[in-house]
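Student: Enclosed is the structure file input_12.csv (CSV, C-alpha atoms).
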chain,number,residue,atom,x,y,z
A,1,MET,CA,-5.3,-28.3,-22.3
A,2,SER,CA,-5.5,-30.0,-18.9
A,3,SER,CA,-7.6,-28.7,-16.1
A,4,ARG,CA,-4.6,-27.8,-14.0
A,5,GLU,CA,-3.4,-25.6,-16.9
A,6,LEU,CA,-6.7,-23.8,-16.6
A,7,VAL,CA,-6.0,-23.0,-13.0
A,8,GLU,CA,-2.4,-22.0,-13.6
A,9,ARG,CA,-3.5,-19.8,-16.4
A,10,GLY,CA,-5.6,-18.0,-13.9
A,11,THR,CA,-2.6,-17.2,-11.7
A,12,ARG,CA,-0.7,-15.6,-14.5
A,13,GLN,CA,-3.1,-12.8,-14.8
A,14,GLN,CA,-3.7,-10.6,-11.8
A,15,ALA,CA,-6.5,-11.9,-9.6
A,16,GLN,CA,-9.6,-9.8,-9.7
A,17,LEU,CA,-9.8,-7.2,-7.0
A,18,ALA,CA,-13.1,-8.4,-5.6
A,19,ASP,CA,-11.7,-11.9,-5.2
A,20,VAL,CA,-8.7,-10.6,-3.3
A,21,LEU,CA,-10.7,-8.2,-1.1
A,22,GLU,CA,-13.2,-10.9,-0.3
A,23,ARG,CA,-10.4,-13.1,1.0
A,24,VAL,CA,-8.1,-10.6,2.5
A,25,LEU,CA,-10.7,-8.4,4.2
A,26,ASP,CA,-13.3,-10.9,5.1
A,27,LYS,CA,-11.5,-14.3,5.7
A,28,GLY,CA,-8.4,-15.4,7.5
A,29,ILE,CA,-7.8,-15.5,11.2
A,30,VAL,CA,-8.9,-12.5,13.3
A,31,ILE,CA,-6.8,-11.8,16.3
A,32,ALA,CA,-8.6,-10.6,19.4
A,33,GLY,CA,-6.8,-9.8,22.6
A,34,ASP,CA,-3.4,-8.1,22.9
A,35,ILE,CA,-3.6,-6.2,19.7
A,36,GLN,CA,-3.4,-2.5,19.4
A,37,ILE,CA,-5.4,-2.0,16.2
A,38,ASN,CA,-7.9,-4.1,14.5
A,39,LEU,CA,-10.6,-3.6,12.0
A,40,LEU,CA,-14.1,-3.3,13.2
A,41,ASP,CA,-16.9,-5.0,11.4
A,42,ILE,CA,-18.6,-1.8,10.8
A,43,GLU,CA,-15.6,-0.5,8.9
A,44,LEU,CA,-15.6,-3.6,6.7
A,45,LEU,CA,-19.2,-3.0,5.9
A,46,THR,CA,-18.4,0.6,5.0
A,47,ILE,CA,-15.7,-0.6,2.6
A,48,LYS,CA,-18.0,-3.1,1.0
A,49,LEU,CA,-20.8,-0.5,0.5
A,50,ARG,CA,-18.5,2.0,-1.0
A,51,LEU,CA,-17.0,-0.5,-3.3
A,52,LEU,CA,-20.4,-1.5,-4.4
A,53,VAL,CA,-21.5,2.1,-5.1
A,54,ALA,CA,-18.2,2.8,-6.9
A,55,SER,CA,-18.5,-0.2,-9.1
A,56,ALA,CA,-22.1,0.4,-10.0
A,57,ASP,CA,-21.3,3.9,-11.1
A,58,LYS,CA,-18.3,2.6,-13.1
A,59,ALA,CA,-20.5,0.0,-14.7
A,60,ARG,CA,-23.0,2.6,-15.7
A,61,GLU,CA,-20.3,4.8,-17.2
A,62,MET,CA,-19.4,1.8,-19.3
A,63,GLY,CA,-23.0,1.5,-20.3
A,64,ILE,CA,-23.6,-1.6,-18.3
A,65,ASP,CA,-27.0,-0.9,-16.7
A,66,TRP,CA,-28.9,-4.0,-17.8
A,67,TRP,CA,-30.3,-4.5,-14.3
A,68,THR,CA,-32.3,-1.3,-14.6
A,69,GLY,CA,-33.2,-1.6,-18.2
A,70,ASP,CA,-33.7,-5.2,-19.2
A,71,ALA,CA,-37.3,-6.2,-19.5
A,72,PHE,CA,-36.7,-9.5,-17.9
A,73,TYR,CA,-35.4,-7.9,-14.8
A,74,SER,CA,-37.6,-4.9,-14.9
A,75,SER,CA,-40.6,-7.2,-14.6
A,76,ALA,CA,-38.9,-8.9,-11.7
A,77,ARG,CA,-38.2,-5.5,-10.1
A,78,ARG,CA,-41.8,-4.5,-10.0
A,79,ASP,CA,-42.3,-6.5,-6.9
A,80,ASN,CA,-38.8,-7.6,-6.0
A,81,SER,CA,-35.7,-5.5,-5.7
A,82,LEU,CA,-32.7,-7.1,-7.2
A,83,ASP,CA,-31.4,-7.6,-3.8
A,84,SER,CA,-34.4,-9.5,-2.4
A,85,ARG,CA,-34.4,-11.6,-5.6
A,86,LEU,CA,-30.8,-12.5,-5.0
A,87,ARG,CA,-31.5,-13.2,-1.4
A,88,ARG,CA,-34.3,-15.6,-2.1
A,89,LEU,CA,-32.1,-17.3,-4.6
A,90,GLU,CA,-29.4,-17.6,-2.0
A,91,GLU,CA,-31.8,-18.9,0.6
A,92,LYS,CA,-32.8,-21.6,-1.8
A,93,ALA,CA,-29.2,-22.5,-2.5
A,94,GLY,CA,-28.6,-22.6,1.2
A,95,ILE,CA,-26.2,-19.7,1.2
A,96,PRO,CA,-26.1,-17.7,4.5
A,97,VAL,CA,-27.8,-14.4,4.0
A,98,SER,CA,-27.0,-12.4,7.1
A,99,PRO,CA,-26.0,-8.8,6.2
A,100,GLU,CA,-22.4,-9.5,6.8
A,101,GLY,CA,-23.0,-12.7,5.0
A,102,GLU,CA,-20.3,-15.1,4.3
A,103,ARG,CA,-19.0,-16.5,7.6
A,104,GLU,CA,-20.4,-20.0,8.0
B,1,MET,CA,12.4,-6.5,23.1
B,2,ILE,CA,12.2,-4.9,19.7
B,3,ASP,CA,10.0,-1.9,19.4
B,4,ALA,CA,9.0,-0.6,16.0
B,5,ALA,CA,10.7,2.7,15.2
B,6,PRO,CA,8.8,5.7,16.4
B,7,GLY,CA,5.8,6.1,14.2
B,8,THR,CA,5.8,2.5,12.9
B,9,GLY,CA,4.0,-0.7,13.9
B,10,TRP,CA,4.4,-4.4,13.1
B,11,TYR,CA,1.9,-5.7,10.6
B,12,VAL,CA,1.3,-9.4,10.8
B,13,TYR,CA,0.4,-11.0,7.4
B,14,GLY,CA,0.0,-14.5,8.7
B,15,PHE,CA,1.6,-17.5,10.4
B,16,ALA,CA,3.4,-20.4,8.8
B,17,ALA,CA,5.2,-23.6,9.5
B,18,ASP,CA,8.9,-22.9,9.9
B,19,ALA,CA,11.0,-24.2,7.0
B,20,ASP,CA,14.5,-23.9,5.6
B,21,SER,CA,13.8,-21.6,2.6
B,22,LEU,CA,11.7,-19.0,4.3
B,23,GLU,CA,14.4,-16.4,4.2
B,24,HIS,CA,14.1,-16.5,0.4
B,25,ALA,CA,10.3,-16.0,0.7
B,26,ALA,CA,11.0,-13.1,3.0
B,27,ALA,CA,13.4,-11.6,0.5
B,28,ASP,CA,10.9,-12.2,-2.4
B,29,ALA,CA,8.1,-10.6,-0.5
B,30,GLY,CA,10.0,-7.4,0.3
B,31,PRO,CA,11.1,-6.2,3.7
B,32,ILE,CA,9.7,-8.9,5.9
B,33,ARG,CA,10.8,-10.0,9.4
B,34,LEU,CA,10.1,-13.5,10.7
B,35,VAL,CA,9.3,-14.1,14.3
B,36,ARG,CA,9.9,-17.7,15.3
B,37,HIS,CA,8.5,-19.9,18.0
B,38,ASP,CA,8.3,-23.7,18.3
B,39,GLY,CA,8.3,-24.5,14.6
B,40,LEU,CA,6.0,-21.6,13.8
B,41,VAL,CA,6.8,-18.3,12.2
B,42,ALA,CA,4.8,-15.1,12.2
B,43,ILE,CA,5.2,-13.1,8.9
B,44,VAL,CA,5.7,-9.5,9.9
B,45,GLY,CA,6.3,-6.2,8.1
B,46,GLU,CA,7.0,-2.8,9.6
B,47,VAL,CA,4.4,-0.2,8.6
B,48,PRO,CA,4.0,3.5,9.1
B,49,LEU,CA,1.4,4.4,11.6
B,50,ASP,CA,0.4,7.5,9.7
B,51,GLU,CA,-1.1,5.0,7.3
B,52,PHE,CA,-1.9,2.1,9.6
B,53,GLY,CA,-2.8,3.9,12.8
B,54,GLU,CA,-6.3,3.3,14.1
B,55,HIS,CA,-7.8,6.5,12.8
B,56,GLU,CA,-5.6,6.8,9.7
B,57,LEU,CA,-6.5,3.3,8.7
B,58,ALA,CA,-10.2,4.1,8.8
B,59,ASP,CA,-9.6,7.0,6.3
B,60,HIS,CA,-7.4,5.0,4.0
B,61,LEU,CA,-9.7,2.1,3.8
B,62,ASN,CA,-12.1,4.3,2.0
B,63,ASP,CA,-9.5,5.2,-0.6
B,64,PRO,CA,-9.9,2.5,-3.3
B,65,ALA,CA,-6.4,2.9,-4.7
B,66,TRP,CA,-4.8,2.6,-1.3
B,67,LEU,CA,-6.9,-0.3,-0.4
B,68,GLU,CA,-6.2,-2.2,-3.6
B,69,GLU,CA,-2.5,-1.7,-3.2
B,70,LYS,CA,-2.4,-2.8,0.4
B,71,ALA,CA,-4.8,-5.7,-0.1
B,72,ARG,CA,-2.8,-7.0,-3.0
B,73,ARG,CA,0.4,-6.6,-1.0
B,74,HIS,CA,-1.1,-8.7,1.8
B,75,GLU,CA,-2.1,-11.4,-0.7
B,76,ASN,CA,1.3,-11.3,-2.5
B,77,VAL,CA,3.2,-11.7,0.8
B,78,LEU,CA,1.1,-14.7,1.8
B,79,GLN,CA,1.5,-16.2,-1.7
B,80,ALA,CA,5.3,-15.9,-1.6
B,81,PHE,CA,5.3,-18.0,1.6
B,82,ALA,CA,2.6,-20.4,0.5
B,83,ALA,CA,4.9,-21.4,-2.4
B,84,ARG,CA,7.3,-22.8,0.2
B,85,THR,CA,5.4,-23.8,3.3
B,86,ALA,CA,2.0,-24.2,5.0
B,87,VAL,CA,0.5,-20.7,5.6
B,88,VAL,CA,-2.3,-19.5,7.9
B,89,PRO,CA,-3.5,-16.2,6.6
B,90,LEU,CA,-4.5,-13.4,9.0
B,91,ARG,CA,-7.2,-11.0,8.1
B,92,PHE,CA,-6.0,-7.6,6.7
B,93,GLY,CA,-4.9,-5.1,9.3
B,94,SER,CA,-3.5,-6.9,12.3
B,95,ILE,CA,-0.9,-4.5,13.7
B,96,HIS,CA,1.2,-4.6,16.9
B,97,GLY,CA,3.5,-2.1,18.6
B,98,GLU,CA,6.2,-4.6,19.6
B,99,LEU,CA,7.6,-7.8,18.2
B,100,ASP,CA,7.4,-9.3,21.6
B,101,GLU,CA,3.6,-9.0,21.4
B,102,VAL,CA,3.7,-11.0,18.2
B,103,ARG,CA,5.9,-13.6,19.9
B,104,ARG,CA,3.4,-13.9,22.7
B,105,LEU,CA,0.6,-14.3,20.2
B,106,LEU,CA,2.5,-17.3,18.6
B,107,GLU,CA,2.9,-18.8,22.1
B,108,SER,CA,-0.7,-18.4,23.1
B,109,ARG,CA,-2.1,-19.8,19.9
B,110,GLN,CA,0.6,-22.4,19.2
B,111,SER,CA,-1.5,-25.6,19.6
B,112,GLN,CA,-4.3,-24.1,17.6
B,113,LEU,CA,-1.9,-23.0,14.9
B,114,HIS,CA,-0.2,-26.4,14.7
B,115,GLY,CA,-3.7,-27.9,14.3
B,116,THR,CA,-4.6,-25.5,11.5
B,117,ILE,CA,-1.2,-26.0,9.7
B,118,ASP,CA,-1.6,-29.8,9.9
B,119,ARG,CA,-5.0,-29.4,8.2
B,120,VAL,CA,-4.0,-27.1,5.4
B,121,ARG,CA,-0.5,-28.5,4.7
B,122,GLY,CA,0.1,-29.6,1.2
B,123,ARG,CA,-3.3,-28.2,0.2
B,124,VAL,CA,-4.4,-25.2,-1.7
B,125,GLU,CA,-7.6,-23.2,-2.0
B,126,ILE,CA,-9.3,-23.1,-5.4
B,127,GLY,CA,-12.1,-20.6,-6.1
B,128,VAL,CA,-14.9,-21.8,-8.4
B,129,LYS,CA,-17.4,-19.3,-9.7
B,130,ALA,CA,-20.4,-20.2,-11.8
B,131,TRP,CA,-22.2,-17.6,-13.9
B,132,VAL,CA,-25.6,-17.9,-15.5
B,133,ASP,CA,-26.9,-16.1,-18.6
B,134,THR,CA,-30.5,-16.0,-17.3
B,135,ALA,CA,-32.0,-15.2,-20.7
B,136,ARG,CA,-30.4,-18.3,-22.2
B,137,LEU,CA,-31.5,-20.4,-19.2
B,138,ALA,CA,-35.1,-19.1,-19.7
B,139,ASP,CA,-34.9,-20.0,-23.4
B,140,THR,CA,-33.7,-23.5,-22.5
B,141,LEU,CA,-36.5,-24.0,-20.0
B,142,ARG,CA,-39.1,-22.7,-22.6
B,143,GLY,CA,-37.7,-25.3,-24.9
B,144,GLU,CA,-38.2,-28.0,-22.3
B,145,GLU,CA,-41.8,-26.9,-21.9
B,146,GLY,CA,-42.4,-27.2,-25.6
B,147,ALA,CA,-43.8,-24.4,-27.8
B,148,SER,CA,-46.1,-22.2,-25.7
B,149,SER,CA,-48.8,-19.6,-25.8
B,150,SER,CA,-51.6,-19.0,-28.2
B,151,GLY,CA,-50.9,-16.7,-31.1
B,152,THR,CA,-53.9,-14.4,-30.4
B,153,GLY,CA,-52.5,-12.7,-27.4
B,154,ARG,CA,-55.7,-13.6,-25.8
B,155,GLU,CA,-55.2,-12.4,-22.3
B,156,TYR,CA,-52.6,-9.9,-21.2
B,157,LEU,CA,-53.0,-11.1,-17.6
B,158,GLN,CA,-52.4,-14.7,-18.6
B,159,ARG,CA,-49.2,-13.9,-20.3
B,160,ARG,CA,-48.1,-11.9,-17.3
B,161,ARG,CA,-48.7,-15.0,-15.1
B,162,GLN,CA,-46.8,-17.2,-17.5
B,163,GLU,CA,-43.9,-14.8,-17.5
B,164,GLN,CA,-43.9,-14.8,-13.7
B,165,ARG,CA,-44.0,-18.5,-13.6
B,166,ARG,CA,-41.1,-18.7,-16.0
B,167,LEU,CA,-39.2,-16.3,-13.8
B,168,ASP,CA,-39.9,-18.5,-10.8
B,169,GLU,CA,-38.7,-21.5,-12.8
B,170,VAL,CA,-35.5,-19.7,-13.7
B,171,ARG,CA,-34.8,-18.9,-10.0
B,172,GLU,CA,-35.5,-22.5,-9.0
B,173,ARG,CA,-33.3,-23.9,-11.6
B,174,CYS,CA,-30.5,-21.5,-10.7
B,175,ALA,CA,-30.7,-22.6,-7.1
B,176,GLU,CA,-30.7,-26.3,-8.2
B,177,LEU,CA,-27.7,-25.8,-10.5
B,178,ALA,CA,-25.8,-24.0,-7.8
B,179,ALA,CA,-26.6,-26.7,-5.1
B,180,GLU,CA,-25.7,-29.5,-7.5
B,181,ALA,CA,-22.4,-27.8,-8.4
B,182,HIS,CA,-21.4,-27.2,-4.8
B,183,GLY,CA,-22.3,-30.7,-3.8
B,184,ARG,CA,-20.3,-32.3,-6.5
B,185,LEU,CA,-17.3,-30.1,-5.9
B,186,LEU,CA,-17.5,-30.9,-2.2
B,187,SER,CA,-17.3,-34.6,-3.0
B,188,VAL,CA,-13.9,-34.1,-4.7
B,189,ALA,CA,-12.5,-31.6,-2.2
B,190,VAL,CA,-11.2,-31.9,1.3
B,191,GLU,CA,-13.5,-29.0,2.4
B,192,GLY,CA,-15.5,-26.4,0.7
B,193,VAL,CA,-17.5,-23.3,1.5
B,194,GLN,CA,-20.1,-21.5,-0.5
B,195,ASN,CA,-19.7,-17.7,-0.1
B,196,ARG,CA,-22.3,-15.1,-1.0
B,197,PRO,CA,-22.2,-14.5,-4.8
B,198,HIS,CA,-21.0,-11.1,-5.8
B,199,PRO,CA,-23.9,-8.9,-6.8
B,200,PRO,CA,-24.0,-7.7,-10.5
B,201,GLU,CA,-23.3,-4.1,-9.4
B,202,LEU,CA,-19.9,-5.4,-8.1
B,203,THR,CA,-19.0,-7.8,-10.9
B,204,GLY,CA,-20.1,-5.4,-13.7
B,205,ARG,CA,-21.0,-8.5,-15.8
B,206,PRO,CA,-24.2,-9.2,-17.5
B,207,GLU,CA,-24.4,-12.8,-16.2
B,208,MET,CA,-25.5,-13.4,-12.7
B,209,MET,CA,-23.1,-15.1,-10.3
B,210,LEU,CA,-24.6,-18.4,-9.4
B,211,LEU,CA,-21.9,-19.9,-7.3
B,212,ASN,CA,-19.0,-18.4,-5.4
B,213,GLY,CA,-17.3,-21.4,-3.9
B,214,ALA,CA,-13.9,-22.0,-2.3
B,215,TYR,CA,-12.5,-25.5,-2.0
B,216,LEU,CA,-9.5,-26.9,-0.2
B,217,VAL,CA,-7.8,-29.5,-2.3
B,218,PRO,CA,-4.5,-31.4,-2.3
B,219,ALA,CA,-1.9,-29.2,-4.2
B,220,ALA,CA,-1.1,-31.9,-6.8
B,221,ASP,CA,-4.7,-33.2,-7.3
B,222,THR,CA,-6.7,-32.0,-10.2
B,223,ALA,CA,-10.0,-33.9,-9.4
B,224,LEU,CA,-11.7,-30.6,-8.7
B,225,GLU,CA,-10.8,-29.1,-12.0
B,226,ALA,CA,-11.9,-32.2,-13.8
B,227,GLU,CA,-15.3,-32.0,-12.0
B,228,VAL,CA,-15.6,-28.3,-13.0
B,229,GLY,CA,-15.0,-29.4,-16.6
B,230,ARG,CA,-17.8,-32.0,-16.4
B,231,LEU,CA,-20.1,-29.4,-14.7
B,232,ALA,CA,-19.3,-26.9,-17.4
B,233,ALA,CA,-20.2,-29.4,-20.1
B,234,GLU,CA,-23.4,-30.5,-18.5
B,235,HIS,CA,-24.6,-27.0,-17.4
B,236,GLY,CA,-23.5,-25.2,-20.6
B,237,PRO,CA,-26.8,-25.8,-22.3
B,238,PHE,CA,-28.5,-24.0,-19.4
B,239,GLY,CA,-26.4,-20.9,-20.0
B,240,VAL,CA,-24.0,-21.6,-17.1
B,241,THR,CA,-20.2,-21.0,-17.4
B,242,TYR,CA,-17.5,-21.8,-14.8
B,243,GLU,CA,-14.5,-19.9,-13.8
B,244,LEU,CA,-11.5,-21.1,-11.7
B,245,THR,CA,-9.4,-18.8,-9.5
B,246,GLY,CA,-6.3,-19.5,-7.5
B,247,PRO,CA,-4.5,-21.4,-6.2
B,248,TRP,CA,-4.9,-19.2,-3.1
B,249,PRO,CA,-3.5,-19.5,0.4
B,250,PRO,CA,-6.2,-21.1,2.5
B,251,HIS,CA,-8.0,-17.9,3.5
B,252,ASN,CA,-11.4,-19.6,3.7
B,253,PHE,CA,-10.2,-22.5,5.8
B,254,VAL,CA,-8.4,-21.1,8.8
B,255,ASP,CA,-11.2,-20.0,11.1
B,256,ASP,CA,-11.5,-21.0,14.7
B,257,ARG,CA,-12.5,-24.6,14.1
B,258,ASP,CA,-9.1,-25.8,15.3
B,259,GLY,CA,-9.9,-24.8,18.9
B,260,ALA,CA,-10.8,-21.4,20.4
B,261,ALA,CA,-8.0,-18.9,21.0
So, in terms of C-alpha cells, how does the structure I just supplied come out?
Tutor:
Amino acid sequence: MSSRELVERGTRQQAQLADVLERVLDKGIVIAGDIQINLLDIELLTIKLRLLVASADKAREMGIDWWTGDAFYSSARRDNSLDSRLRRLEEKAGIPVSPEGERE
Amino acid sequence: MIDAAPGTGWYVYGFAADADSLEHAAADAGPIRLVRHDGLVAIVGEVPLDEFGEHELADHLNDPAWLEEKARRHENVLQAFAARTAVVPLRFGSIHGELDEVRRLLESRQSQLHGTIDRVRGRVEIGVKAWVDTARLADTLRGEEGASSSGTGREYLQRRRQEQRRLDEVRERCAELAAEAHGRLLSVAVEGVQNRPHPPELTGRPEMMLLNGAYLVPAADTALEAEVGRLAAEHGPFGVTYELTGPWPPHNFVDDRDGAA
C-alpha cells in the first residue's frame, strides 16, 4: 500500500465531523463589508462549547470517561485541570493558546 | 440585477479560478449559480432566509443535526469544484441579498483572489493528526530510565514525587514529539499550520491528540505521506500513531496574507 492510497482511503469514508467543522466554521476567508449576514465570533464560540458538552455526554454514555477515572490522569488532575494540562502542553509545542485558538 | 426570490438569499461557498468544466461541478454540487468576473467565479447557492436569516441562523447553529448537514454541504460543494479548479474557501455563512453584491465582492477582491489562487493552484491540503497513548509512552520512558524504585515502598511521598516527575517527562516528550513531527512535515510541505489539538471530550478517544496539523502540498506529490510513514515507524514505540485526512480544499491557507481586503 502506497502512502497516497492511505490518503485516498481516507476520502472514501466520510470525514469526521470535527475535522469538517474546524475547517468550515473556523477557517476560510471571512468577508467583511457589504455583507448582510455574517457569523459573529461569539456565535462560533457557542457552537464549539455546545459541541464539546454534547460530545462529552455522548462519550460518557458510551462508557468513555477515562479522563475522570484513570489514575494517571486523576493524579494529574489534583493540581491541574485537564484543560490547563493541555494548555501547557500546547505552549511547549508552540501552539497558539488564545481562547479562540487556532488562527495564527 | 438579480435579487434572490423573496425570503431567500445568496450563500457564497467560495471563489475559484474560472475553468471550462465548472458547469459540471455546479451540476454535481446541486443547484449552484456561478457569478463570473475577470477569470474568477463565485460559487453561490440560493438559501431560504427562514433558515439562514441572521436570527434564524443563530438558532440553527445550535442544532447539531442542522449544523452537520449544512457544514457537510458547504464542504461537499467546495470539493466538487476543487476536483476541477483552484478553489478559495469562504467560511460558513456568507450570505448576500443580491447577486450584484457578490459580483462587487469579486471586483473589490480580485487582485487578492488572483494572488491566493496562484498560491494554492495545483495544491491540496492534507490533515495530519498524531495521537499518543500516554500510558504506553510512560512505560517506554520508564524503560529508558531502567528499572526503578525500591521494593519496600519506603516513602509514599517519594513515590509521589517520582510519579509527578514521570508525568512531567511524559508532557515534555509529547511536546518534543509534536514539535519534531510538525517541523519534519513542514520541511516536505509548501506551507503548514499547527492547529489546536481537539480535546479528548471532543474526540471521544482514549489517546490524546498530540498534533493537529494541516499542510499544503502539490496534488501529485506524496512526500508528506512518506514522511508521515517514517514518523509513524519512529514514534510508534512511544505510543504515537498517525492519521491522515483529506485531500481538503485549502481552508487553512486562504487567510489575508495575500493582501488586505
Student: From the list B:Leu22, B:Ala71, B:Leu34, B:Val87, which residue is nearest A:Asp26 when using only C-alpha atoms?
Tutor: B:Ala71
Student: Could you pull the residues within 8 Å of B:Ala178, counting only C-alpha atoms, minus those fewer than 4 positions along the same chain, as a VMD selection string?
Tutor: (chain A and resid 93) or (chain B and resid 130 174 182 210 to 211)
Student: Tell me, in Å to one decimal, how far atom CA of B:Leu113 is from atom CA of B:Ala19.
Tutor: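 So the two atoms, atom CA of B:Leu113 and atom CA of B:Ala19, lie 15.2 Å apart.
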Student: Near B:Glu227, within 10 Å and counting all atoms listed in the file, which residues show up once chain neighbours fewer than 2 positions away are dropped, as a count of residues only?
Tutor: 15
Student: Just the residues within 6 Å of B:Thr8, please, counting only C-alpha atoms, with nothing from its chain fewer than 5 positions along; format it as a PDB file with C-alpha atoms, in the coordinates of the input.
Tutor:
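Produced file result-v6.pdb, reproduced below:
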ATOM      1  CA  VAL B  47       4.400  -0.200   8.600  1.00  0.00           C
ATOM      2  CA  PRO B  48       4.000   3.500   9.100  1.00  0.00           C
ATOM      3  CA  LEU B  49       1.400   4.400  11.600  1.00  0.00           C
TER       4      LEU B  49
END
Student: Just add N, CA and C atoms to stretch 75-91 of chain B and send it as a PDB file, in the coordinates of the input.
Tutor:
ATOM      1  N   GLU B  75      -1.939 -10.119   0.062  1.00  0.00           N
ATOM      2  CA  GLU B  75      -2.100 -11.400  -0.700  1.00  0.00           C
ATOM      3  C   GLU B  75      -0.747 -11.855  -1.229  1.00  0.00           C
ATOM      4  N   ASN B  76       0.007 -10.931  -1.826  1.00  0.00           N
ATOM      5  CA  ASN B  76       1.300 -11.300  -2.500  1.00  0.00           C
ATOM      6  C   ASN B  76       2.287 -11.844  -1.458  1.00  0.00           C
ATOM      7  N   VAL B  77       2.325 -11.233  -0.277  1.00  0.00           N
ATOM      8  CA  VAL B  77       3.200 -11.700   0.800  1.00  0.00           C
ATOM      9  C   VAL B  77       2.849 -13.151   1.145  1.00  0.00           C
ATOM     10  N   LEU B  78       1.562 -13.367   1.382  1.00  0.00           N
ATOM     11  CA  LEU B  78       1.100 -14.700   1.800  1.00  0.00           C
ATOM     12  C   LEU B  78       1.444 -15.728   0.662  1.00  0.00           C
ATOM     13  N   GLN B  79       1.271 -15.311  -0.594  1.00  0.00           N
ATOM     14  CA  GLN B  79       1.500 -16.200  -1.700  1.00  0.00           C
ATOM     15  C   GLN B  79       3.015 -16.595  -1.788  1.00  0.00           C
ATOM     16  N   ALA B  80       3.886 -15.610  -1.523  1.00  0.00           N
ATOM     17  CA  ALA B  80       5.300 -15.900  -1.600  1.00  0.00           C
ATOM     18  C   ALA B  80       5.680 -16.986  -0.570  1.00  0.00           C
ATOM     19  N   PHE B  81       5.035 -16.952   0.603  1.00  0.00           N
ATOM     20  CA  PHE B  81       5.300 -18.000   1.600  1.00  0.00           C
ATOM     21  C   PHE B  81       4.570 -19.275   1.316  1.00  0.00           C
ATOM     22  N   ALA B  82       3.362 -19.158   0.781  1.00  0.00           N
ATOM     23  CA  ALA B  82       2.600 -20.400   0.500  1.00  0.00           C
ATOM     24  C   ALA B  82       3.269 -21.239  -0.542  1.00  0.00           C
ATOM     25  N   ALA B  83       4.123 -20.632  -1.376  1.00  0.00           N
ATOM     26  CA  ALA B  83       4.900 -21.400  -2.400  1.00  0.00           C
ATOM     27  C   ALA B  83       5.895 -22.316  -1.693  1.00  0.00           C
ATOM     28  N   ARG B  84       6.226 -22.033  -0.423  1.00  0.00           N
ATOM     29  CA  ARG B  84       7.300 -22.800   0.200  1.00  0.00           C
ATOM     30  C   ARG B  84       6.896 -23.527   1.498  1.00  0.00           C
ATOM     31  N   THR B  85       5.765 -23.157   2.087  1.00  0.00           N
ATOM     32  CA  THR B  85       5.400 -23.800   3.300  1.00  0.00           C
ATOM     33  C   THR B  85       3.887 -23.673   3.564  1.00  0.00           C
ATOM     34  N   ALA B  86       3.406 -24.285   4.640  1.00  0.00           N
ATOM     35  CA  ALA B  86       2.000 -24.200   5.000  1.00  0.00           C
ATOM     36  C   ALA B  86       1.739 -22.831   5.658  1.00  0.00           C
ATOM     37  N   VAL B  87       0.772 -22.098   5.148  1.00  0.00           N
ATOM     38  CA  VAL B  87       0.500 -20.700   5.600  1.00  0.00           C
ATOM     39  C   VAL B  87      -0.870 -20.623   6.214  1.00  0.00           C
ATOM     40  N   VAL B  88      -0.959 -19.852   7.290  1.00  0.00           N
ATOM     41  CA  VAL B  88      -2.300 -19.500   7.900  1.00  0.00           C
ATOM     42  C   VAL B  88      -2.498 -18.041   7.763  1.00  0.00           C
ATOM     43  N   PRO B  89      -3.330 -17.636   6.820  1.00  0.00           N
ATOM     44  CA  PRO B  89      -3.500 -16.200   6.600  1.00  0.00           C
ATOM     45  C   PRO B  89      -4.240 -15.516   7.756  1.00  0.00           C
ATOM     46  N   LEU B  90      -3.789 -14.310   8.060  1.00  0.00           N
ATOM     47  CA  LEU B  90      -4.500 -13.400   9.000  1.00  0.00           C
ATOM     48  C   LEU B  90      -5.380 -12.492   8.124  1.00  0.00           C
ATOM     49  N   ARG B  91      -6.406 -11.977   8.748  1.00  0.00           N
ATOM     50  CA  ARG B  91      -7.200 -11.000   8.100  1.00  0.00           C
ATOM     51  C   ARG B  91      -6.387  -9.667   7.992  1.00  0.00           C
TER      52      ARG B  91
END
